[in-house]
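Asker: Got a file for you: my_file25.txt, compact mmCIF, C-alpha atoms.
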# COMPACT_ATOMS: atom_id res chain seq x y z
CA MET A 1483 157.23 20.94 72.40
CA PRO A 1484 154.44 23.39 73.30
CA GLN A 1485 150.91 22.38 72.48
CA TRP A 1486 147.78 24.32 71.69
CA ILE A 1487 144.14 23.57 72.33
CA GLU A 1488 141.88 24.29 69.39
CA ILE A 1489 138.28 25.12 70.20
CA SER A 1490 135.81 25.12 67.31
CA LEU A 1491 132.09 25.69 66.88
CA HIS A 1492 129.88 25.23 63.81
CA VAL A 1493 127.45 28.15 63.83
CA ASP A 1494 125.31 30.31 61.54
CA GLY A 1495 126.27 33.83 60.50
CA GLU A 1496 124.53 35.61 63.35
CA ALA A 1497 125.96 33.44 66.11
CA ALA A 1498 129.43 33.53 64.53
CA GLU A 1499 129.97 37.16 65.46
CA ALA A 1500 128.98 36.56 69.11
CA VAL A 1501 131.08 33.39 69.38
CA ALA A 1502 134.07 35.05 67.72
CA THR A 1503 133.88 37.96 70.15
CA GLU A 1504 133.92 35.63 73.13
CA LEU A 1505 136.74 33.44 71.79
CA GLN A 1506 138.73 36.55 70.88
CA ARG A 1507 138.79 37.39 74.59
CA TRP A 1508 140.39 34.12 75.68
CA CYS A 1509 142.26 32.82 72.66
CA HIS A 1510 145.71 33.66 71.34
CA GLN A 1511 145.75 36.69 68.98
CA GLY A 1512 142.22 36.37 67.67
CA VAL A 1513 140.11 33.86 65.80
CA ALA A 1514 139.72 32.25 62.39
CA ILE A 1515 136.28 31.91 60.81
CA GLU A 1516 136.01 29.53 57.89
CA GLN A 1517 133.05 28.97 55.59
CA ALA A 1518 132.11 25.34 56.02
CA ASN A 1519 129.87 24.91 53.01
CA ILE A 1520 132.46 25.36 50.30
CA GLU A 1521 133.07 22.30 48.22
CA SER A 1522 136.51 22.85 46.68
CA GLY A 1523 136.20 23.82 43.01
CA LYS A 1524 132.45 24.43 43.11
CA TYR A 1525 132.78 28.22 42.90
CA ASP A 1526 134.78 30.41 40.52
CA ASP A 1527 136.66 33.54 41.50
CA GLY A 1528 134.08 36.32 41.66
CA ASP A 1529 131.08 34.08 42.39
CA GLU A 1530 128.80 35.08 45.23
CA ILE A 1531 129.34 32.34 47.82
CA PRO A 1532 126.34 31.87 50.13
CA VAL A 1533 127.16 31.95 53.83
CA GLU A 1534 125.45 29.06 55.57
CA THR A 1535 127.56 27.41 58.25
CA LEU A 1536 130.70 28.98 59.64
CA ILE A 1537 133.39 27.28 61.70
CA VAL A 1538 134.79 29.60 64.35
CA ARG A 1539 138.19 28.46 65.62
CA GLY A 1540 140.37 29.80 68.41
CA TYR A 1541 143.56 28.54 70.04
CA PHE A 1542 145.05 28.82 73.51
CA PRO A 1543 148.22 27.27 74.93
CA ASN A 1544 147.79 23.88 76.60
CA ASP A 1545 149.25 25.09 79.90
CA ALA A 1546 148.26 25.53 83.55
CA GLU A 1547 145.67 28.19 82.62
CA ALA A 1548 144.02 26.16 79.86
CA GLU A 1549 141.32 24.62 82.04
CA GLU A 1550 140.32 27.99 83.49
CA LYS A 1551 140.03 29.48 79.98
CA ARG A 1552 137.94 26.54 78.83
CA LEU A 1553 135.54 27.00 81.78
CA GLN A 1554 135.23 30.75 81.13
CA ILE A 1555 134.43 30.15 77.47
CA GLU A 1556 131.89 27.41 78.27
CA ARG A 1557 130.19 29.66 80.83
CA ALA A 1558 129.87 32.47 78.28
CA LEU A 1559 128.50 30.03 75.69
CA ILE A 1560 125.80 28.91 78.14
CA TYR A 1561 124.61 32.52 78.54
CA MET A 1562 124.74 32.97 74.78
CA SER A 1563 122.65 29.85 74.25
CA MET A 1564 119.79 31.64 76.02
CA MET A 1565 119.65 34.10 73.11
CA LEU A 1566 120.93 32.10 70.14
CA PRO A 1567 121.06 28.42 69.23
CA MET A 1568 124.53 27.34 70.33
CA PRO A 1569 126.20 23.97 69.60
CA LYS A 1570 128.67 22.29 71.95
CA PRO A 1571 132.27 23.35 71.32
CA GLN A 1572 134.73 20.77 70.03
CA TYR A 1573 138.29 20.54 71.31
CA LYS A 1574 141.44 19.27 69.66
CA ILE A 1575 145.11 19.21 70.71
CA VAL A 1576 147.34 20.84 68.08
CA GLU A 1577 151.13 20.43 68.12
CA ASP A 1578 153.09 23.66 67.72
CA GLU A 1579 154.94 22.24 64.71
CA ASP A 1580 152.01 21.15 62.63
CA TRP A 1581 151.36 24.23 60.51
CA ALA A 1582 155.03 25.04 59.92
CA HIS A 1583 155.37 21.55 58.51
CA ALA A 1584 152.19 21.79 56.44
CA TRP A 1585 153.51 24.97 54.83
CA LYS A 1586 156.84 23.34 53.92
CA LYS A 1587 155.14 20.73 51.78
CA HIS A 1588 154.15 23.51 49.39
CA TYR A 1589 157.58 25.14 49.25
CA LYS A 1590 159.34 24.43 45.92
CA PRO A 1591 162.68 25.51 44.37
CA ILE A 1592 162.45 28.87 42.59
CA ARG A 1593 164.64 30.68 40.11
CA LEU A 1594 165.11 34.46 40.46
CA GLY A 1595 167.03 37.07 38.51
CA THR A 1596 169.26 35.34 35.98
CA ARG A 1597 171.45 33.10 38.17
CA ILE A 1598 169.84 32.72 41.59
CA LEU A 1599 168.20 29.41 42.41
CA ILE A 1600 166.60 28.99 45.82
CA ARG A 1601 165.88 25.52 47.06
CA PRO A 1602 164.32 24.36 50.31
CA LEU A 1603 166.91 22.52 52.38
CA TRP A 1604 165.02 19.28 51.95
CA ILE A 1605 164.89 19.29 48.12
CA ASP A 1606 167.86 18.58 45.82
CA VAL A 1607 168.25 20.47 42.53
CA GLU A 1608 170.46 20.17 39.47
CA PRO A 1609 171.95 23.64 38.96
CA LYS A 1610 173.45 25.04 35.76
CA PRO A 1611 177.23 25.74 35.91
CA ASP A 1612 177.06 29.44 36.86
CA ASP A 1613 173.95 29.19 39.03
CA ILE A 1614 174.07 30.56 42.53
CA VAL A 1615 172.18 28.06 44.65
CA ILE A 1616 170.84 29.11 48.03
CA ALA A 1617 169.58 26.33 50.29
CA LEU A 1618 167.06 27.62 52.78
CA ASP A 1619 165.14 26.45 55.80
CA PRO A 1620 162.95 29.45 56.45
CA GLY A 1621 161.88 28.13 59.86
CA MET A 1622 159.54 30.64 61.41
CA ALA A 1623 161.46 33.69 60.15
CA PHE A 1624 160.51 35.86 57.19
CA GLY A 1625 162.27 35.56 53.84
CA THR A 1626 161.45 32.46 51.84
CA GLY A 1627 162.15 33.92 48.44
CA THR A 1628 158.56 33.49 47.35
CA HIS A 1629 157.47 37.02 48.20
CA PRO A 1630 157.80 39.88 45.68
CA THR A 1631 159.65 42.07 48.22
CA THR A 1632 162.39 39.44 48.65
CA GLN A 1633 162.50 38.76 44.90
CA LEU A 1634 162.98 42.46 44.14
CA CYS A 1635 165.89 42.51 46.62
CA LEU A 1636 167.55 39.43 45.15
CA GLU A 1637 167.35 40.89 41.66
CA ALA A 1638 168.81 44.17 42.95
CA LEU A 1639 171.68 42.33 44.67
CA GLU A 1640 172.44 40.50 41.44
CA ARG A 1641 172.72 43.89 39.67
CA MET A 1642 174.61 45.73 42.39
CA ILE A 1643 177.03 43.39 44.19
CA THR A 1644 180.63 43.79 43.11
CA PRO A 1645 183.61 41.93 44.64
CA SER A 1646 184.55 42.92 48.21
CA LEU A 1647 181.57 45.26 48.70
CA ASP A 1648 180.73 45.66 52.42
CA VAL A 1649 177.03 45.04 53.04
CA VAL A 1650 174.64 45.49 55.96
CA ASP A 1651 171.36 43.58 55.95
CA LEU A 1652 168.96 45.24 58.37
CA GLY A 1653 166.08 42.93 59.33
CA CYS A 1654 167.78 39.81 58.00
CA GLY A 1655 164.90 37.34 58.64
CA SER A 1656 165.91 33.92 57.31
CA GLY A 1657 169.22 35.37 56.09
CA ILE A 1658 168.33 34.89 52.43
CA LEU A 1659 169.62 38.29 51.29
CA SER A 1660 172.89 38.09 53.27
CA ILE A 1661 173.58 34.64 51.86
CA ALA A 1662 172.82 35.81 48.32
CA ALA A 1663 175.16 38.80 48.81
CA ALA A 1664 177.93 36.50 50.08
CA LYS A 1665 177.51 34.08 47.17
CA LEU A 1666 177.46 36.95 44.66
CA GLY A 1667 180.92 37.93 45.89
CA ALA A 1668 180.37 40.64 48.50
CA GLY A 1669 183.14 41.25 51.04
CA LYS A 1670 181.99 41.35 54.64
CA ILE A 1671 178.32 41.24 55.52
CA VAL A 1672 176.67 42.31 58.76
CA ALA A 1673 173.21 40.77 59.28
CA VAL A 1674 171.03 42.20 62.04
CA ASP A 1675 167.52 41.48 63.26
CA ILE A 1676 165.65 42.45 66.43
CA ASP A 1677 164.13 38.94 66.53
CA GLN A 1678 166.36 36.24 68.03
CA LEU A 1679 164.50 33.56 66.00
CA ALA A 1680 165.58 35.33 62.81
CA VAL A 1681 169.17 35.61 64.03
CA ASP A 1682 169.26 31.87 64.75
CA ALA A 1683 167.75 31.08 61.33
CA THR A 1684 170.31 33.30 59.56
CA ILE A 1685 173.24 31.68 61.37
CA GLU A 1686 172.01 28.18 60.55
CA ASN A 1687 171.27 29.02 56.92
CA ALA A 1688 174.65 30.74 56.50
CA GLN A 1689 176.40 27.61 57.79
CA GLU A 1690 174.31 25.40 55.54
CA ASN A 1691 175.40 27.51 52.54
CA GLU A 1692 179.05 27.58 53.66
CA VAL A 1693 179.22 31.37 53.82
CA ALA A 1694 179.14 31.73 57.63
CA GLU A 1695 182.67 33.17 57.76
CA LYS A 1696 181.58 36.10 55.57
CA ILE A 1697 178.40 36.93 57.49
CA HIS A 1698 178.53 38.41 60.96
CA THR A 1699 175.06 37.95 62.45
CA HIS A 1700 173.76 39.47 65.64
CA GLN A 1701 170.61 40.47 67.41
CA GLY A 1702 170.21 44.23 67.56
CA SER A 1703 168.66 47.32 66.08
CA LEU A 1704 169.61 50.31 63.96
CA ASP A 1705 170.82 52.15 67.08
CA THR A 1706 173.35 49.39 67.85
CA LEU A 1707 174.79 49.77 64.35
CA ILE A 1708 174.89 53.57 64.39
CA THR A 1709 176.77 53.48 67.72
CA SER A 1710 179.33 51.07 66.27
CA ALA A 1711 180.33 53.84 63.81
CA ARG A 1712 180.86 51.25 61.06
CA ARG A 1713 179.81 52.40 57.59
CA PHE A 1714 178.88 50.24 54.61
CA ASP A 1715 179.05 50.28 50.81
CA LEU A 1716 175.54 48.84 50.53
CA LEU A 1717 172.60 48.95 52.91
CA VAL A 1718 169.83 46.40 52.38
CA VAL A 1719 166.49 46.92 54.12
CA ASN A 1720 163.61 44.56 53.37
CA ILE A 1721 161.11 45.36 56.11
CA LEU A 1722 158.05 47.62 55.74
CA ALA A 1723 157.51 51.22 54.69
CA LYS A 1724 156.42 52.34 58.15
CA ILE A 1725 159.55 50.95 59.80
CA ILE A 1726 161.82 52.34 57.09
CA ILE A 1727 160.34 55.81 57.65
CA GLU A 1728 160.79 55.45 61.42
CA MET A 1729 164.40 54.40 60.95
CA CYS A 1730 165.02 57.43 58.73
CA ASP A 1731 164.22 59.55 61.80
CA HIS A 1732 166.97 57.61 63.60
CA LYS A 1733 169.84 58.46 61.23
CA LEU A 1734 169.42 55.43 58.97
CA GLY A 1735 171.37 57.21 56.20
CA GLN A 1736 174.51 57.31 58.34
CA LEU A 1737 174.98 53.56 57.93
CA VAL A 1738 175.93 54.19 54.31
CA ARG A 1739 179.39 55.55 53.56
CA PRO A 1740 179.56 58.67 51.36
CA GLY A 1741 179.08 57.48 47.79
CA GLY A 1742 177.54 54.20 48.97
CA ARG A 1743 174.20 52.76 47.94
CA ALA A 1744 171.07 51.42 49.60
CA ILE A 1745 168.02 49.39 48.64
CA PHE A 1746 164.65 49.51 50.38
CA SER A 1747 161.91 46.94 49.93
CA GLY A 1748 158.59 46.08 51.59
CA ILE A 1749 156.95 49.21 50.22
CA ILE A 1750 153.49 49.31 48.67
CA GLU A 1751 153.11 51.50 45.59
CA ASP A 1752 151.20 54.32 47.30
CA GLN A 1753 153.78 54.55 50.10
CA ARG A 1754 156.66 55.28 47.72
CA THR A 1755 156.60 59.10 47.89
CA ASP A 1756 156.49 59.05 51.71
CA VAL A 1757 159.46 56.70 51.88
CA GLU A 1758 161.40 58.74 49.31
CA ALA A 1759 160.80 61.93 51.30
CA ALA A 1760 162.02 60.23 54.48
CA LEU A 1761 165.13 58.92 52.70
CA ARG A 1762 166.05 62.42 51.52
CA GLN A 1763 165.74 63.64 55.13
CA THR A 1764 168.38 61.13 56.19
CA GLY A 1765 170.77 62.00 53.38
CA LEU A 1766 169.87 59.26 50.89
CA GLU A 1767 168.86 60.32 47.40
CA PRO A 1768 166.44 57.96 45.62
CA VAL A 1769 167.98 57.00 42.28
CA THR A 1770 165.45 54.63 40.76
CA HIS A 1771 162.76 52.15 41.68
CA TYR A 1772 161.58 48.74 40.56
CA GLN A 1773 158.09 47.29 40.81
CA GLN A 1774 156.57 43.82 41.07
CA GLY A 1775 152.80 43.68 41.51
CA ASP A 1776 151.86 46.15 44.26
CA TRP A 1777 155.40 46.16 45.66
CA ILE A 1778 158.19 48.66 45.12
CA LEU A 1779 161.93 48.54 45.65
CA ILE A 1780 163.70 51.89 45.94
CA GLU A 1781 167.39 52.24 45.14
CA ALA A 1782 169.11 55.23 46.77
CA LYS A 1783 172.57 56.74 47.01
CA ARG A 1784 174.45 58.78 49.61
CA SER A 1785 176.27 61.76 48.13
CA ILE A 1786 180.07 61.96 48.36
CA ASP A 1787 180.29 64.92 50.76
CA MET B 1092 139.55 30.63 32.90
CA ALA B 1093 138.44 31.78 36.31
CA LYS B 1094 140.28 30.41 39.31
CA LYS B 1095 138.47 27.83 41.41
CA VAL B 1096 137.83 28.72 45.05
CA LYS B 1097 139.14 26.20 47.58
CA ALA B 1098 138.27 27.95 50.84
CA VAL B 1099 137.28 31.27 52.38
CA VAL B 1100 138.76 32.10 55.77
CA LYS B 1101 138.24 35.24 57.79
CA LEU B 1102 140.87 36.09 60.39
CA GLN B 1103 140.00 38.50 63.18
CA ILE B 1104 143.42 39.59 64.36
CA PRO B 1105 145.20 42.67 65.73
CA ALA B 1106 146.40 45.10 63.05
CA GLY B 1107 150.09 45.05 62.15
CA LYS B 1108 150.93 42.03 64.28
CA ALA B 1109 150.29 38.98 62.12
CA ASN B 1110 152.74 36.12 62.67
CA PRO B 1111 152.78 32.38 62.02
CA ALA B 1112 151.47 31.46 65.50
CA PRO B 1113 147.80 30.52 66.03
CA PRO B 1114 145.27 31.30 64.83
CA ILE B 1115 146.95 32.31 61.54
CA GLY B 1116 149.38 29.38 61.26
CA PRO B 1117 146.94 26.51 61.64
CA ALA B 1118 144.16 28.32 59.78
CA LEU B 1119 146.23 29.00 56.66
CA ALA B 1120 148.89 26.29 56.61
CA GLN B 1121 146.26 23.59 56.16
CA HIS B 1122 145.39 25.25 52.85
CA GLY B 1123 149.06 25.38 51.79
CA ILE B 1124 149.36 29.11 51.23
CA ASN B 1125 152.44 31.24 51.80
CA LEU B 1126 152.11 32.01 55.47
CA MET B 1127 154.93 34.55 55.64
CA GLY B 1128 153.63 36.23 52.49
CA PHE B 1129 150.25 36.74 54.05
CA CYS B 1130 151.65 38.01 57.35
CA LYS B 1131 153.94 40.49 55.68
CA GLU B 1132 151.27 41.86 53.38
CA TYR B 1133 148.66 42.05 56.15
CA ASN B 1134 151.09 43.91 58.42
CA ALA B 1135 152.02 46.32 55.63
CA LYS B 1136 148.42 47.13 54.91
CA THR B 1137 147.32 47.52 58.56
CA SER B 1138 150.37 49.25 60.04
CA ASN B 1139 148.41 52.52 60.25
CA ARG B 1140 145.63 50.88 62.31
CA ILE B 1141 147.62 49.50 65.27
CA GLY B 1142 145.35 48.90 68.28
CA GLU B 1143 142.38 47.86 66.16
CA ILE B 1144 141.15 44.39 65.34
CA VAL B 1145 141.20 44.39 61.53
CA PRO B 1146 139.62 41.28 60.01
CA ALA B 1147 141.01 39.95 56.75
CA GLU B 1148 138.88 37.78 54.48
CA ILE B 1149 141.15 35.43 52.56
CA THR B 1150 139.99 33.63 49.44
CA ILE B 1151 142.19 30.63 48.74
CA PHE B 1152 142.25 29.14 45.24
CA GLN B 1153 142.89 25.58 44.14
CA ASP B 1154 146.24 26.52 42.58
CA GLY B 1155 147.56 27.60 46.01
CA SER B 1156 147.32 31.32 45.31
CA PHE B 1157 145.21 33.56 47.48
CA ARG B 1158 143.77 37.03 47.74
CA PHE B 1159 142.59 38.94 50.76
CA ARG B 1160 140.65 42.06 51.60
CA LEU B 1161 140.59 43.99 54.84
CA MET B 1162 137.27 44.54 56.56
CA SER B 1163 135.91 46.93 59.14
CA PRO B 1164 136.55 45.95 62.78
CA PRO B 1165 134.05 43.53 64.37
CA THR B 1166 130.87 45.22 65.60
CA SER B 1167 131.65 44.15 69.18
CA PHE B 1168 135.05 45.88 68.99
CA LEU B 1169 133.44 49.11 67.79
CA ILE B 1170 130.77 48.88 70.51
CA LYS B 1171 133.39 48.41 73.23
CA ARG B 1172 135.45 51.31 71.93
CA GLU B 1173 132.44 53.61 71.64
CA ALA B 1174 131.11 52.65 75.10
CA GLY B 1175 134.57 52.93 76.64
CA ILE B 1176 134.47 49.44 78.13
CA GLU B 1177 137.05 46.62 78.18
CA LYS B 1178 134.63 43.75 77.69
CA GLY B 1179 130.99 42.79 77.35
CA ALA B 1180 128.92 41.29 80.18
CA SER B 1181 129.59 37.62 80.97
CA ASN B 1182 125.86 37.20 81.53
CA PRO B 1183 124.12 39.69 79.24
CA ILE B 1184 120.71 38.84 80.68
CA THR B 1185 121.43 40.01 84.20
CA ASP B 1186 124.61 42.11 83.89
CA HIS B 1187 124.99 45.64 82.54
CA ALA B 1188 128.31 46.24 80.84
CA GLY B 1189 127.79 49.77 79.51
CA THR B 1190 125.53 52.18 77.68
CA LEU B 1191 125.40 53.64 74.18
CA SER B 1192 123.25 56.45 72.84
CA ARG B 1193 121.26 55.97 69.62
CA GLU B 1194 123.64 58.49 68.04
CA GLN B 1195 126.66 56.33 68.94
CA VAL B 1196 124.95 53.29 67.41
CA ARG B 1197 124.43 55.35 64.26
CA LYS B 1198 128.12 56.25 64.22
CA ILE B 1199 129.12 52.56 64.42
CA ALA B 1200 126.58 51.71 61.71
CA GLN B 1201 128.15 54.38 59.51
CA VAL B 1202 131.60 52.78 59.91
CA LYS B 1203 130.19 49.41 58.82
CA MET B 1204 128.20 50.89 55.93
CA ASP B 1205 131.21 52.92 54.71
CA ALA B 1206 133.38 49.81 54.71
CA GLY B 1207 130.82 48.10 52.45
CA ASP B 1208 131.37 44.69 54.03
CA THR B 1209 127.96 44.20 55.61
CA ASN B 1210 124.88 42.42 54.36
CA ALA B 1211 122.61 45.15 55.78
CA LEU B 1212 120.66 46.90 53.02
CA ASN B 1213 120.32 50.27 54.69
CA MET B 1214 121.22 52.33 57.74
CA ASP B 1215 118.14 51.25 59.74
CA ALA B 1216 118.84 47.56 59.17
CA MET B 1217 122.50 48.07 60.09
CA MET B 1218 121.55 49.86 63.31
CA LYS B 1219 119.18 47.00 64.22
CA GLN B 1220 122.03 44.50 63.77
CA ILE B 1221 124.28 46.57 66.00
CA GLU B 1222 121.60 46.86 68.66
CA GLY B 1223 121.30 43.07 68.55
CA THR B 1224 125.03 42.72 69.20
CA CYS B 1225 124.70 45.29 72.03
CA ARG B 1226 122.04 43.08 73.66
CA GLN B 1227 124.31 40.04 73.44
CA MET B 1228 127.05 42.03 75.17
CA GLY B 1229 124.88 43.51 77.93
CA VAL B 1230 125.28 47.01 76.50
CA HIS B 1231 122.09 49.09 76.84
CA VAL B 1232 121.03 51.45 74.06
CA VAL B 1233 119.23 54.62 75.20
CA ASP B 1234 117.56 57.45 73.27
Mind turning the file's structure into structure tokens?

Answerer:
Amino acid sequence: MPQWIEISLHVDGEAAEAVATELQRWCHQGVAIEQANIESGKYDDGDEIPVETLIVRGYFPNDAEAEEKRLQIERALIYMSMMLPMPKPQYKIVEDEDWAHAWKKHYKPIRLGTRILIRPLWIDVEPKPDDIVIALDPGMAFGTGTHPTTQLCLEALERMITPSLDVVDLGCGSGILSIAAAKLGAGKIVAVDIDQLAVDATIENAQENEVAEKIHTHQGSLDTLITSARRFDLLVVNILAKIIIEMCDHKLGQLVRPGGRAIFSGIIEDQRTDVEAALRQTGLEPVTHYQQGDWILIEAKRSID
Amino acid sequence: MAKKVKAVVKLQIPAGKANPAPPIGPALAQHGINLMGFCKEYNAKTSNRIGEIVPAEITIFQDGSFRFRLMSPPTSFLIKREAGIEKGASNPITDHAGTLSREQVRKIAQVKMDAGDTNALNMDAMMKQIEGTCRQMGVHVVD
């Protein structure tokens, strides 16, 4: 199991910027700066919270280069201490699993649409007779059912899936949408993601939900699918507006058979017109859209000819 | 009733690339918020700023919900970009990492003032702060 080294310093506002800059250089993907003086519940939403002490935290892998990074950071802090008061950094070993586990504790069963009930793998539920229960271990992949973009998709699937419909789930993440489609009665489902972690999560979750024989999961991209020349009754894309628009430039619409339908999620309200324009370019006509908070789901159709 | 604040965390991370690895995972998971939800929303809102460091200030409430706002890039990032340098001096007292004109400092100050996420009251005060950061980085400011 990989480990991380956490380095943290308690500093004032002025020093925080300098320390963060230095840690940013050596630590993995940036830094976190937390206000240390907040007593939970003391302030209401909207209150001005005074900035007194800040905790700057960075992380680097506990590997062969860790000691060298630590020395570089300490050297930089010594120079900084000539200009600003600078405390000694504190170090802590952090297991790679810790935060994934911490997040799971807060993950509860949720009901979506009229019949869909999503439960974490580790929690038992008592479903109603016609409930469709999806058991999910989101692992590190996206798609936990708690996000509006996923919820909009699940509700759309509940409306649109009819028996033996062929579905493609592009950017399958945890596999939640493919599994829902399978349980709602779809025919064959192809689930694709460029991330191998997501592919593994989908396969495991499909087995856990006893729908693995209906879902063909593989690592790949839009291009792989276009080349395969297979066309689908329903295309499901829950990614992000920017990627949807990019895929439209790569013949995304061709995945849908003439007369077939598609749903697109992961779109913020003010990106809707751009996405709709891109969809038209690739032969998909937006039919309607649904909204939850800032998020939009667009339903589109490919014309018969 | 207003929501009670549990914690305020600022993440300085590359635009469009948030994922559950450190620093985001450990920083947010300890407060029990939806990690994937944050990553997805952050990436959606910063996808047009790839290549920049775009800080997000996250306010976490006692009920487990959260809200975040994007901020202007860190001053040091803007200084490096404007001066065309990869990094600041390791020893800012003896080493010279690069040079900025007063006009370039003003340009950076304008970015920070426009974003409205600074405590500086006016342009002069903002420029003084930026010059202070320049000093810490070994970047000289010339007229």

Asker: Using Å and a single decimal, report how far CA of Pro1591 in chain A sits from CA of Gln1153 in chain B.

Answerer: 19.8 Å

Asker: Which residues of chain B come within 6 Å of chain A, and what is each one's closest atom pair and distance in Å (one decimal), counting all atoms listed in the file, sorted by chain and residue number, as JSON lines?

Answerer:
{"residue": "B:Ala1093", "atom": "CA", "partner": "A:Asp1526", "partner_atom": "CA", "distance": 5.7}
{"residue": "B:Lys1094", "atom": "CA", "partner": "A:Asp1527", "partner_atom": "CA", "distance": 5.3}
{"residue": "B:Lys1095", "atom": "CA", "partner": "A:Asp1526", "partner_atom": "CA", "distance": 4.6}
{"residue": "B:Val1096", "atom": "CA", "partner": "A:Tyr1525", "partner_atom": "CA", "distance": 5.5}
{"residue": "B:Lys1097", "atom": "CA", "partner": "A:Ser1522", "partner_atom": "CA", "distance": 4.4}
{"residue": "B:Val1099", "atom": "CA", "partner": "A:Gln1517", "partner_atom": "CA", "distance": 5.8}
{"residue": "B:Val1100", "atom": "CA", "partner": "A:Glu1516", "partner_atom": "CA", "distance": 4.3}
{"residue": "B:Lys1101", "atom": "CA", "partner": "A:Ile1515", "partner_atom": "CA", "distance": 4.9}
{"residue": "B:Leu1102", "atom": "CA", "partner": "A:Ala1514", "partner_atom": "CA", "distance": 4.5}
{"residue": "B:Gln1103", "atom": "CA", "partner": "A:Val1513", "partner_atom": "CA", "distance": 5.3}
{"residue": "B:Ile1104", "atom": "CA", "partner": "A:Gly1512", "partner_atom": "CA", "distance": 4.8}
{"residue": "B:Pro1114", "atom": "CA", "partner": "A:Val1513", "partner_atom": "CA", "distance": 5.8}
{"residue": "B:Gly1116", "atom": "CA", "partner": "A:Trp1581", "partner_atom": "CA", "distance": 5.6}
{"residue": "B:Pro1117", "atom": "CA", "partner": "A:Trp1581", "partner_atom": "CA", "distance": 5.1}
{"residue": "B:Ala1120", "atom": "CA", "partner": "A:Trp1581", "partner_atom": "CA", "distance": 5.1}
{"residue": "B:Gly1123", "atom": "CA", "partner": "A:Trp1585", "partner_atom": "CA", "distance": 5.4}
{"residue": "B:Met1127", "atom": "CA", "partner": "A:Phe1624", "partner_atom": "CA", "distance": 5.9}
{"residue": "B:Gly1128", "atom": "CA", "partner": "A:His1629", "partner_atom": "CA", "distance": 5.8}
{"residue": "B:Ser1181", "atom": "CA", "partner": "A:Ala1558", "partner_atom": "CA", "distance": 5.8}
{"residue": "B:Asn1182", "atom": "CA", "partner": "A:Tyr1561", "partner_atom": "CA", "distance": 5.7}

Asker: Measure the distance from CA of Leu1126 in chain B to CA of Asp1677 in chain A in Å and round it to one decimal.

Answerer: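 Taking CA of Leu1126 in chain B and CA of Asp1677 in chain A, their separation equals 17.7 Å.
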
Asker: When you count only C-alpha atoms, which of these residues is closest to Met1228 in chain B: B:Pro1111, B:Gly1207, B:Pro1164, B:Pro1183?

Answerer: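 Checking each of B:Pro1111, B:Gly1207, B:Pro1164, B:Pro1183 against Met1228 in chain B, counting only C-alpha atoms, the winner is B:Pro1183.
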
Asker: Can you work out the spacing between CA of Ile1661 in chain A and CA of Leu1704 in chain A in Å, to one decimal?

Answerer: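 CA of Ile1661 in chain A sits 20.2 Å away from CA of Leu1704 in chain A.
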
Asker: Report as an mmCIF file with C-alpha atoms, in the coordinates of the input all protein, DNA and RNA residues lying within 10 Å of range 1642-1646 of chain A, evaluated on only C-alpha atoms, omitting residues in the same chain fewer than 2 positions from it.

Answerer:
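Contents of the output file part14.cif:
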data_model
loop_
_atom_site.group_PDB
_atom_site.id
_atom_site.type_symbol
_atom_site.label_atom_id
_atom_site.label_comp_id
_atom_site.auth_asym_id
_atom_site.auth_seq_id
_atom_site.Cartn_x
_atom_site.Cartn_y
_atom_site.Cartn_z
ATOM 1 C CA LEU A 1636 167.550 39.430 45.150
ATOM 2 C CA GLU A 1637 167.350 40.890 41.660
ATOM 3 C CA ALA A 1638 168.810 44.170 42.950
ATOM 4 C CA LEU A 1639 171.680 42.330 44.670
ATOM 5 C CA GLU A 1640 172.440 40.500 41.440
ATOM 6 C CA ASP A 1648 180.730 45.660 52.420
ATOM 7 C CA VAL A 1649 177.030 45.040 53.040
ATOM 8 C CA ALA A 1662 172.820 35.810 48.320
ATOM 9 C CA ALA A 1663 175.160 38.800 48.810
ATOM 10 C CA ALA A 1664 177.930 36.500 50.080
ATOM 11 C CA LYS A 1665 177.510 34.080 47.170
ATOM 12 C CA LEU A 1666 177.460 36.950 44.660
ATOM 13 C CA GLY A 1667 180.920 37.930 45.890
ATOM 14 C CA ALA A 1668 180.370 40.640 48.500
ATOM 15 C CA GLY A 1669 183.140 41.250 51.040
ATOM 16 C CA LYS A 1670 181.990 41.350 54.640
ATOM 17 C CA ILE A 1671 178.320 41.240 55.520
ATOM 18 C CA ASP A 1715 179.050 50.280 50.810
ATOM 19 C CA LEU A 1716 175.540 48.840 50.530
ATOM 20 C CA ARG A 1743 174.200 52.760 47.940
ATOM 21 C CA ALA A 1744 171.070 51.420 49.600
ATOM 22 C CA ILE A 1745 168.020 49.390 48.640
#

Asker: Near Val1202 in chain B, within 12 Å and counting only C-alpha atoms, which residues show up once chain neighbours fewer than 3 positions away are dropped, as a PyMOL selection string?

Answerer: chain B and resi 1162-1166+1168-1170+1173+1195-1199+1205-1209+1214+1217-1218+1221

Asker: Which centre and edge lengths in Å to one decimal define the box along x, y and z that fits every listed atom of range 1116-1121 of chain B plus 3 Å per side, as JSON?

Answerer:
{"center_x": 146.8, "center_y": 26.5, "center_z": 58.9, "size_x": 11.2, "size_y": 11.8, "size_z": 11.5}

Asker: Find the spatial neighbours of Gly1735 in chain A, counting all atoms listed in the file, within a cut-off of 9 Å - ignore same-chain residues fewer than 4 positions away - and output them as a ChimeraX atom specification.

Answerer: /A:1717,1729-1730,1739,1744,1761-1766,1784
